[in-house]
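Engineer: Pasting my_file.txt below, which is compact mmCIF, N, CA and C atoms.
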```txt
# COMPACT_ATOMS: atom_id res chain seq x y z
N MET A 1 0.85 -1.16 0.00
CA MET A 1 0.00 0.00 0.00
C MET A 1 0.91 1.24 0.00
N LEU A 2 0.46 2.27 -0.69
CA LEU A 2 1.17 3.54 -0.72
C LEU A 2 0.30 4.59 -0.05
N VAL A 3 0.89 5.33 0.87
CA VAL A 3 0.19 6.42 1.55
C VAL A 3 0.85 7.72 1.11
N VAL A 4 0.04 8.64 0.63
CA VAL A 4 0.53 9.94 0.14
C VAL A 4 -0.02 11.02 1.05
N HIS A 5 0.88 11.83 1.59
CA HIS A 5 0.51 12.89 2.54
C HIS A 5 0.95 14.23 1.94
N LEU A 6 0.01 15.14 1.78
CA LEU A 6 0.29 16.47 1.25
C LEU A 6 -0.15 17.49 2.29
N ARG A 7 0.73 18.44 2.60
CA ARG A 7 0.39 19.53 3.51
C ARG A 7 0.76 20.84 2.84
N PHE A 8 -0.08 21.87 3.05
CA PHE A 8 0.23 23.18 2.49
C PHE A 8 -0.45 24.27 3.31
N THR A 9 -0.02 25.50 3.08
CA THR A 9 -0.63 26.63 3.77
C THR A 9 -1.31 27.54 2.76
N THR A 10 -2.34 28.21 3.23
CA THR A 10 -3.09 29.13 2.40
C THR A 10 -3.00 30.53 3.01
N ALA A 11 -3.34 31.51 2.22
CA ALA A 11 -3.49 32.86 2.76
C ALA A 11 -4.73 32.86 3.66
N PRO A 12 -4.73 33.64 4.73
CA PRO A 12 -5.89 33.66 5.63
C PRO A 12 -7.21 33.93 4.90
N GLU A 13 -7.18 34.78 3.88
CA GLU A 13 -8.43 35.09 3.17
C GLU A 13 -8.93 33.92 2.30
N ASP A 14 -8.03 32.98 1.95
CA ASP A 14 -8.42 31.82 1.16
C ASP A 14 -8.83 30.63 2.03
N ARG A 15 -8.54 30.70 3.31
CA ARG A 15 -8.78 29.56 4.20
C ARG A 15 -10.25 29.13 4.23
N PRO A 16 -11.22 30.03 4.24
CA PRO A 16 -12.62 29.56 4.30
C PRO A 16 -13.04 28.72 3.09
N ARG A 17 -12.49 28.98 1.91
CA ARG A 17 -12.91 28.22 0.74
C ARG A 17 -12.00 27.04 0.41
N ALA A 18 -10.83 26.99 1.02
CA ALA A 18 -9.86 25.94 0.69
C ALA A 18 -10.35 24.53 1.00
N PRO A 19 -10.96 24.25 2.16
CA PRO A 19 -11.42 22.87 2.39
C PRO A 19 -12.43 22.40 1.35
N GLY A 20 -13.32 23.27 0.95
CA GLY A 20 -14.28 22.91 -0.09
C GLY A 20 -13.61 22.58 -1.40
N THR A 21 -12.55 23.32 -1.72
CA THR A 21 -11.81 23.05 -2.95
C THR A 21 -11.17 21.68 -2.89
N LEU A 22 -10.62 21.31 -1.73
CA LEU A 22 -10.04 19.97 -1.58
C LEU A 22 -11.11 18.90 -1.76
N LEU A 23 -12.26 19.13 -1.16
CA LEU A 23 -13.31 18.10 -1.16
C LEU A 23 -14.06 18.00 -2.48
N GLU A 24 -13.99 19.03 -3.32
CA GLU A 24 -14.68 18.99 -4.62
C GLU A 24 -14.23 17.80 -5.46
N SER A 25 -13.00 17.39 -5.31
CA SER A 25 -12.45 16.29 -6.10
C SER A 25 -12.47 14.96 -5.38
N ALA A 26 -12.98 14.92 -4.17
CA ALA A 26 -12.92 13.70 -3.37
C ALA A 26 -13.60 12.52 -4.07
N ALA A 27 -14.78 12.73 -4.63
CA ALA A 27 -15.50 11.61 -5.26
C ALA A 27 -14.72 11.07 -6.46
N GLU A 28 -14.13 11.94 -7.26
CA GLU A 28 -13.37 11.49 -8.42
C GLU A 28 -12.12 10.72 -7.98
N ILE A 29 -11.44 11.22 -6.96
CA ILE A 29 -10.24 10.55 -6.48
C ILE A 29 -10.60 9.20 -5.89
N ARG A 30 -11.66 9.15 -5.08
CA ARG A 30 -12.08 7.88 -4.48
C ARG A 30 -12.49 6.85 -5.53
N ALA A 31 -12.97 7.31 -6.68
CA ALA A 31 -13.41 6.39 -7.74
C ALA A 31 -12.26 5.87 -8.59
N MET A 32 -11.06 6.42 -8.43
CA MET A 32 -9.93 5.99 -9.24
C MET A 32 -9.53 4.57 -8.87
N PRO A 33 -9.14 3.77 -9.86
CA PRO A 33 -8.72 2.40 -9.57
C PRO A 33 -7.58 2.37 -8.55
N GLY A 34 -7.74 1.54 -7.53
CA GLY A 34 -6.70 1.37 -6.53
C GLY A 34 -6.76 2.33 -5.37
N ASN A 35 -7.66 3.32 -5.40
CA ASN A 35 -7.75 4.25 -4.28
C ASN A 35 -8.48 3.58 -3.13
N ILE A 36 -7.89 3.67 -1.95
CA ILE A 36 -8.48 3.10 -0.74
C ILE A 36 -9.14 4.20 0.09
N ALA A 37 -8.48 5.36 0.17
CA ALA A 37 -9.00 6.42 1.03
C ALA A 37 -8.53 7.78 0.55
N PHE A 38 -9.35 8.78 0.85
CA PHE A 38 -9.01 10.18 0.61
C PHE A 38 -9.54 10.95 1.82
N VAL A 39 -8.65 11.62 2.55
CA VAL A 39 -9.05 12.37 3.73
C VAL A 39 -8.43 13.76 3.65
N ALA A 40 -9.26 14.78 3.72
CA ALA A 40 -8.77 16.16 3.79
C ALA A 40 -8.89 16.61 5.24
N PHE A 41 -7.93 17.44 5.68
CA PHE A 41 -7.96 17.87 7.07
C PHE A 41 -7.34 19.26 7.23
N ALA A 42 -7.74 19.91 8.30
CA ALA A 42 -7.14 21.20 8.68
C ALA A 42 -6.00 20.89 9.62
N GLY A 43 -4.88 21.56 9.40
CA GLY A 43 -3.72 21.35 10.26
C GLY A 43 -3.77 22.26 11.48
N PRO A 44 -2.97 21.94 12.47
CA PRO A 44 -2.92 22.77 13.66
C PRO A 44 -2.20 24.08 13.38
N GLY A 45 -2.30 24.99 14.30
CA GLY A 45 -1.55 26.24 14.17
C GLY A 45 -2.45 27.43 13.95
N ASP A 46 -2.07 28.25 12.98
CA ASP A 46 -2.74 29.54 12.80
C ASP A 46 -3.99 29.48 11.93
N GLY A 47 -4.42 28.30 11.57
CA GLY A 47 -5.64 28.17 10.78
C GLY A 47 -5.43 28.29 9.28
N THR A 48 -4.20 28.29 8.81
CA THR A 48 -3.97 28.37 7.37
C THR A 48 -3.41 27.07 6.80
N ALA A 49 -3.16 26.08 7.66
CA ALA A 49 -2.59 24.80 7.21
C ALA A 49 -3.71 23.83 6.85
N LEU A 50 -3.53 23.17 5.72
CA LEU A 50 -4.46 22.14 5.25
C LEU A 50 -3.65 20.94 4.79
N GLY A 51 -4.33 19.84 4.66
CA GLY A 51 -3.64 18.66 4.16
C GLY A 51 -4.59 17.62 3.66
N MET A 52 -4.01 16.61 3.08
CA MET A 52 -4.81 15.47 2.66
C MET A 52 -3.94 14.22 2.73
N LEU A 53 -4.64 13.14 2.96
CA LEU A 53 -4.01 11.84 3.04
C LEU A 53 -4.74 10.96 2.05
N ARG A 54 -3.97 10.31 1.18
CA ARG A 54 -4.57 9.39 0.21
C ARG A 54 -3.87 8.05 0.34
N GLU A 55 -4.65 6.99 0.27
CA GLU A 55 -4.10 5.64 0.33
C GLU A 55 -4.39 4.95 -0.99
N TRP A 56 -3.39 4.24 -1.49
CA TRP A 56 -3.50 3.52 -2.77
C TRP A 56 -3.08 2.08 -2.58
N GLN A 57 -3.72 1.19 -3.32
CA GLN A 57 -3.35 -0.23 -3.27
C GLN A 57 -1.89 -0.41 -3.64
N THR A 58 -1.44 0.27 -4.71
CA THR A 58 -0.06 0.13 -5.18
C THR A 58 0.48 1.48 -5.64
N GLY A 59 1.78 1.55 -5.76
CA GLY A 59 2.41 2.74 -6.32
C GLY A 59 1.99 2.95 -7.77
N ALA A 60 1.79 1.85 -8.49
CA ALA A 60 1.35 1.97 -9.89
C ALA A 60 -0.04 2.61 -9.98
N ASP A 61 -0.91 2.29 -9.02
CA ASP A 61 -2.23 2.93 -9.00
C ASP A 61 -2.09 4.44 -8.79
N PHE A 62 -1.22 4.83 -7.88
CA PHE A 62 -1.00 6.25 -7.64
C PHE A 62 -0.42 6.92 -8.89
N ASP A 63 0.57 6.28 -9.51
CA ASP A 63 1.17 6.85 -10.72
C ASP A 63 0.13 7.03 -11.81
N ALA A 64 -0.76 6.05 -11.96
CA ALA A 64 -1.82 6.16 -12.97
C ALA A 64 -2.76 7.32 -12.63
N SER A 65 -3.04 7.52 -11.36
CA SER A 65 -3.93 8.62 -10.97
C SER A 65 -3.29 9.97 -11.30
N ARG A 66 -1.98 10.07 -11.15
CA ARG A 66 -1.28 11.33 -11.44
C ARG A 66 -1.33 11.69 -12.91
N ALA A 67 -1.52 10.70 -13.77
CA ALA A 67 -1.60 10.94 -15.21
C ALA A 67 -3.01 11.28 -15.67
N SER A 68 -3.97 11.25 -14.76
CA SER A 68 -5.37 11.46 -15.13
C SER A 68 -5.73 12.94 -15.23
N GLY A 69 -6.76 13.21 -15.99
CA GLY A 69 -7.29 14.56 -16.09
C GLY A 69 -7.85 15.04 -14.76
N ASP A 70 -8.43 14.13 -13.97
CA ASP A 70 -8.97 14.51 -12.66
C ASP A 70 -7.85 15.02 -11.75
N PHE A 71 -6.69 14.36 -11.81
CA PHE A 71 -5.56 14.78 -10.98
C PHE A 71 -5.08 16.17 -11.41
N ARG A 72 -4.99 16.38 -12.71
CA ARG A 72 -4.56 17.70 -13.21
C ARG A 72 -5.56 18.78 -12.83
N ALA A 73 -6.86 18.48 -12.91
CA ALA A 73 -7.88 19.45 -12.52
C ALA A 73 -7.79 19.76 -11.03
N PHE A 74 -7.53 18.74 -10.24
CA PHE A 74 -7.37 18.93 -8.80
C PHE A 74 -6.20 19.87 -8.52
N GLY A 75 -5.07 19.62 -9.16
CA GLY A 75 -3.90 20.48 -8.99
C GLY A 75 -4.16 21.90 -9.42
N ALA A 76 -4.87 22.07 -10.53
CA ALA A 76 -5.17 23.41 -11.03
C ALA A 76 -6.06 24.18 -10.06
N ALA A 77 -6.92 23.47 -9.33
CA ALA A 77 -7.80 24.13 -8.37
C ALA A 77 -7.09 24.44 -7.05
N VAL A 78 -6.21 23.55 -6.62
CA VAL A 78 -5.58 23.68 -5.30
C VAL A 78 -4.32 24.54 -5.33
N ARG A 79 -3.50 24.41 -6.37
CA ARG A 79 -2.23 25.14 -6.41
C ARG A 79 -2.36 26.64 -6.18
N PRO A 80 -3.36 27.32 -6.77
CA PRO A 80 -3.46 28.76 -6.54
C PRO A 80 -3.73 29.15 -5.08
N LEU A 81 -4.19 28.21 -4.27
CA LEU A 81 -4.45 28.49 -2.86
C LEU A 81 -3.18 28.42 -2.02
N MET A 82 -2.13 27.80 -2.54
CA MET A 82 -0.90 27.59 -1.79
C MET A 82 -0.05 28.86 -1.78
N ILE A 83 0.40 29.25 -0.58
CA ILE A 83 1.25 30.43 -0.49
C ILE A 83 2.73 30.07 -0.33
N ALA A 84 3.02 28.78 -0.27
CA ALA A 84 4.39 28.29 -0.18
C ALA A 84 4.41 26.89 -0.81
N PRO A 85 5.58 26.41 -1.17
CA PRO A 85 5.63 25.05 -1.71
C PRO A 85 5.04 24.05 -0.72
N PRO A 86 4.29 23.07 -1.22
CA PRO A 86 3.70 22.08 -0.32
C PRO A 86 4.74 21.10 0.19
N SER A 87 4.41 20.44 1.27
CA SER A 87 5.19 19.32 1.78
C SER A 87 4.52 18.06 1.27
N ARG A 88 5.26 17.25 0.53
CA ARG A 88 4.73 16.00 -0.03
C ARG A 88 5.55 14.83 0.50
N ARG A 89 4.86 13.85 1.03
CA ARG A 89 5.57 12.66 1.49
C ARG A 89 4.80 11.42 1.04
N ARG A 90 5.55 10.38 0.72
CA ARG A 90 4.95 9.10 0.32
C ARG A 90 5.55 8.01 1.20
N PHE A 91 4.67 7.12 1.63
CA PHE A 91 5.09 6.06 2.52
C PHE A 91 4.63 4.71 1.98
N ALA A 92 5.52 3.74 1.96
CA ALA A 92 5.13 2.37 1.68
C ALA A 92 4.64 1.81 3.01
N ALA A 93 3.44 1.24 3.01
CA ALA A 93 2.84 0.77 4.26
C ALA A 93 2.34 -0.65 4.11
N THR A 94 2.33 -1.34 5.22
CA THR A 94 1.75 -2.66 5.30
C THR A 94 0.64 -2.62 6.34
N LEU A 95 -0.52 -3.05 5.95
CA LEU A 95 -1.64 -3.08 6.88
C LEU A 95 -1.44 -4.23 7.84
N LEU A 96 -1.46 -3.91 9.12
CA LEU A 96 -1.26 -4.95 10.15
C LEU A 96 -2.56 -5.68 10.43
N PRO A 97 -2.48 -6.90 10.91
CA PRO A 97 -3.70 -7.65 11.24
C PRO A 97 -4.56 -6.84 12.22
N GLY A 98 -5.84 -6.84 11.98
CA GLY A 98 -6.76 -6.09 12.83
C GLY A 98 -6.80 -4.61 12.50
N GLY A 99 -6.07 -4.19 11.47
CA GLY A 99 -5.99 -2.77 11.14
C GLY A 99 -6.95 -2.33 10.08
N GLY A 100 -7.97 -3.04 9.81
CA GLY A 100 -8.92 -2.52 8.85
C GLY A 100 -9.55 -3.58 8.07
```
Written as structure tokens, how would this file's structure read?

Structural biologist:
Amino acid sequence: MLVVHLRFTTAPEDRPRAPGTLLESAAEIRAMPGNIAFVAFAGPGDGTALGMLREWQTGADFDASRASGDFRAFGAAVRPLMIAPPSRRRFAATLLPGGG
């Protein structure tokens, strides 16, 4: 399993609309082959941090999602809200017994 974690900050004036922008693409991302989960969240701190966590069956599933029009549309909607480069991390994970 591949876990993708993205964190970014927004300008305070963009913060009220940013979560909705993240969630607008949730259904499309969840419908992509190999997607297990999509979670958007507000980060701690001054109220301008946001993030999302996506889980994929395989790295190949994630790579295929990145080549999709839905992924490009998501980036086009979210990137303008970012006031600094995002933090992107990917983790190879193994689901432990009893973990889901």

Engineer: Identify which of the residues A:Ala40, A:Pro12, A:Leu96, A:Leu2 lies closest to A:Gly59, counting only C-alpha atoms when measuring atom-to-atom distances.

Structural biologist: A:Leu2

Engineer: When DSSP works through the backbone of this structure, what residues of stretch 37-84 of chain A end up as strand (DSSP E or B), shown as a PyMOL selection string?

Structural biologist: chain A and resi 37-42+49-56+82

Engineer: Save out the residues we just selected, N, CA and C atoms, as a PDB file, in the coordinates of the input.

Structural biologist:
```pdb
ATOM      1  N   ALA A  37      -8.480   5.360   0.170  1.00  0.00           N
ATOM      2  CA  ALA A  37      -9.000   6.420   1.030  1.00  0.00           C
ATOM      3  C   ALA A  37      -8.530   7.780   0.550  1.00  0.00           C
ATOM      4  N   PHE A  38      -9.350   8.780   0.850  1.00  0.00           N
ATOM      5  CA  PHE A  38      -9.010  10.180   0.610  1.00  0.00           C
ATOM      6  C   PHE A  38      -9.540  10.950   1.820  1.00  0.00           C
ATOM      7  N   VAL A  39      -8.650  11.620   2.550  1.00  0.00           N
ATOM      8  CA  VAL A  39      -9.050  12.370   3.730  1.00  0.00           C
ATOM      9  C   VAL A  39      -8.430  13.760   3.650  1.00  0.00           C
ATOM     10  N   ALA A  40      -9.260  14.780   3.720  1.00  0.00           N
ATOM     11  CA  ALA A  40      -8.770  16.160   3.790  1.00  0.00           C
ATOM     12  C   ALA A  40      -8.890  16.610   5.240  1.00  0.00           C
ATOM     13  N   PHE A  41      -7.930  17.440   5.680  1.00  0.00           N
ATOM     14  CA  PHE A  41      -7.960  17.870   7.070  1.00  0.00           C
ATOM     15  C   PHE A  41      -7.340  19.260   7.230  1.00  0.00           C
ATOM     16  N   ALA A  42      -7.740  19.910   8.300  1.00  0.00           N
ATOM     17  CA  ALA A  42      -7.140  21.200   8.680  1.00  0.00           C
ATOM     18  C   ALA A  42      -6.000  20.890   9.620  1.00  0.00           C
ATOM     19  N   ALA A  49      -3.160  26.080   7.660  1.00  0.00           N
ATOM     20  CA  ALA A  49      -2.590  24.800   7.210  1.00  0.00           C
ATOM     21  C   ALA A  49      -3.710  23.830   6.850  1.00  0.00           C
ATOM     22  N   LEU A  50      -3.530  23.170   5.720  1.00  0.00           N
ATOM     23  CA  LEU A  50      -4.460  22.140   5.250  1.00  0.00           C
ATOM     24  C   LEU A  50      -3.650  20.940   4.790  1.00  0.00           C
ATOM     25  N   GLY A  51      -4.330  19.840   4.660  1.00  0.00           N
ATOM     26  CA  GLY A  51      -3.640  18.660   4.160  1.00  0.00           C
ATOM     27  C   GLY A  51      -4.590  17.620   3.660  1.00  0.00           C
ATOM     28  N   MET A  52      -4.010  16.610   3.080  1.00  0.00           N
ATOM     29  CA  MET A  52      -4.810  15.470   2.660  1.00  0.00           C
ATOM     30  C   MET A  52      -3.940  14.220   2.730  1.00  0.00           C
ATOM     31  N   LEU A  53      -4.640  13.140   2.960  1.00  0.00           N
ATOM     32  CA  LEU A  53      -4.010  11.840   3.040  1.00  0.00           C
ATOM     33  C   LEU A  53      -4.740  10.960   2.050  1.00  0.00           C
ATOM     34  N   ARG A  54      -3.970  10.310   1.180  1.00  0.00           N
ATOM     35  CA  ARG A  54      -4.570   9.390   0.210  1.00  0.00           C
ATOM     36  C   ARG A  54      -3.870   8.050   0.340  1.00  0.00           C
ATOM     37  N   GLU A  55      -4.650   6.990   0.270  1.00  0.00           N
ATOM     38  CA  GLU A  55      -4.100   5.640   0.330  1.00  0.00           C
ATOM     39  C   GLU A  55      -4.390   4.950  -0.990  1.00  0.00           C
ATOM     40  N   TRP A  56      -3.390   4.240  -1.490  1.00  0.00           N
ATOM     41  CA  TRP A  56      -3.500   3.520  -2.770  1.00  0.00           C
ATOM     42  C   TRP A  56      -3.080   2.080  -2.580  1.00  0.00           C
ATOM     43  N   MET A  82      -2.130  27.800  -2.540  1.00  0.00           N
ATOM     44  CA  MET A  82      -0.900  27.590  -1.790  1.00  0.00           C
ATOM     45  C   MET A  82      -0.050  28.860  -1.780  1.00  0.00           C
TER      46      MET A  82
END
```

Engineer: Which residues come within 8 Å of A:Ala60, counting all atoms listed in the file, excluding same-chain residues fewer than 4 positions away, as a ChimeraX atom specification?

Structural biologist: /A:2,33-34,56,64-66

Engineer: Pick out the residues sitting within 7 Å of A:Phe38, and hand them over as a CSV table (one decimal) with N, CA and C atoms, keeping the file's coordinate frame; count all atoms listed in the file, and ignore anything fewer than 2 positions along from it in its own chain.

Structural biologist:
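And here is the file that came out, part_26.csv:
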```csv
chain,number,residue,atom,x,y,z
A,26,ALA,N,-13.0,14.9,-4.2
A,26,ALA,CA,-12.9,13.7,-3.4
A,26,ALA,C,-13.6,12.5,-4.1
A,29,ILE,N,-11.4,11.2,-7.0
A,29,ILE,CA,-10.2,10.6,-6.5
A,29,ILE,C,-10.6,9.2,-5.9
A,30,ARG,N,-11.7,9.2,-5.1
A,30,ARG,CA,-12.1,7.9,-4.5
A,30,ARG,C,-12.5,6.8,-5.5
A,35,ASN,N,-7.7,3.3,-5.4
A,35,ASN,CA,-7.8,4.2,-4.3
A,35,ASN,C,-8.5,3.6,-3.1
A,36,ILE,N,-7.9,3.7,-2.0
A,36,ILE,CA,-8.5,3.1,-0.7
A,36,ILE,C,-9.1,4.2,0.1
A,40,ALA,N,-9.3,14.8,3.7
A,40,ALA,CA,-8.8,16.2,3.8
A,40,ALA,C,-8.9,16.6,5.2
A,52,MET,N,-4.0,16.6,3.1
A,52,MET,CA,-4.8,15.5,2.7
A,52,MET,C,-3.9,14.2,2.7
A,53,LEU,N,-4.6,13.1,3.0
A,53,LEU,CA,-4.0,11.8,3.0
A,53,LEU,C,-4.7,11.0,2.0
A,54,ARG,N,-4.0,10.3,1.2
A,54,ARG,CA,-4.6,9.4,0.2
A,54,ARG,C,-3.9,8.0,0.3
A,55,GLU,N,-4.6,7.0,0.3
A,55,GLU,CA,-4.1,5.6,0.3
A,55,GLU,C,-4.4,5.0,-1.0
```

Engineer: Which residue is closest to A:Thr48? Choose from A:Ala27, A:Ala67, A:Leu81, A:Ala11 and count all atoms listed in the file.

Structural biologist: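 Looking only at the distances to A:Thr48, the closest residue turns out to be A:Ala11.
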
Engineer: Would you list, as a ChimeraX atom specification, the residues of chain A that end up in alpha helix (DSSP H) under DSSP run on this structure's backbone?

Structural biologist: /A:18-24,26-31,59-66,69-78

Engineer: Check the smallest atom-to-atom distance from each of A:Ala37, A:Ala77, A:Met32, A:Ala49 to A:Pro16 using only C-alpha atoms, then report the winner.

Structural biologist: A:Ala49

Engineer: In the coordinates of the file, take the point (-11.8, 13.5, -12.6) and a cut-off of 9 Å; then, counting only C-alpha atoms, name each qualifying protein, DNA or RNA residue as number ranges by chain.

Structural biologist: A: 25, 27-29, 31-32, 68-74

Engineer: Kindly give the distance, in Å, that separates atom N of A:Thr58 and atom CA of A:Ala76, rounded to a single decimal.

Structural biologist: 24.3 Å

Engineer: What gap, in Å, lies between atom CA of A:Arg89 and atom CA of A:Val3?

Structural biologist: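 Going from atom CA of A:Arg89 over to atom CA of A:Val3 covers 8.2 Å.
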
Engineer: How many Å separate atom N of A:Met82 from atom C of A:Leu6?

Structural biologist: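 Between these atoms lies a distance of 11.6 Å.
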
Engineer: Taking (0.9, 19.3, 6.4) as a centre in this file's frame and 7 Å as the limit, can you find every polymer residue with an atom that close, using only C-alpha atoms, and give them as a list in words?

Structural biologist: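 Nearby residues: Leu6, Arg7, Phe8, Gly43, Ala49, Leu50, Gly51 and Ser87 of chain A.
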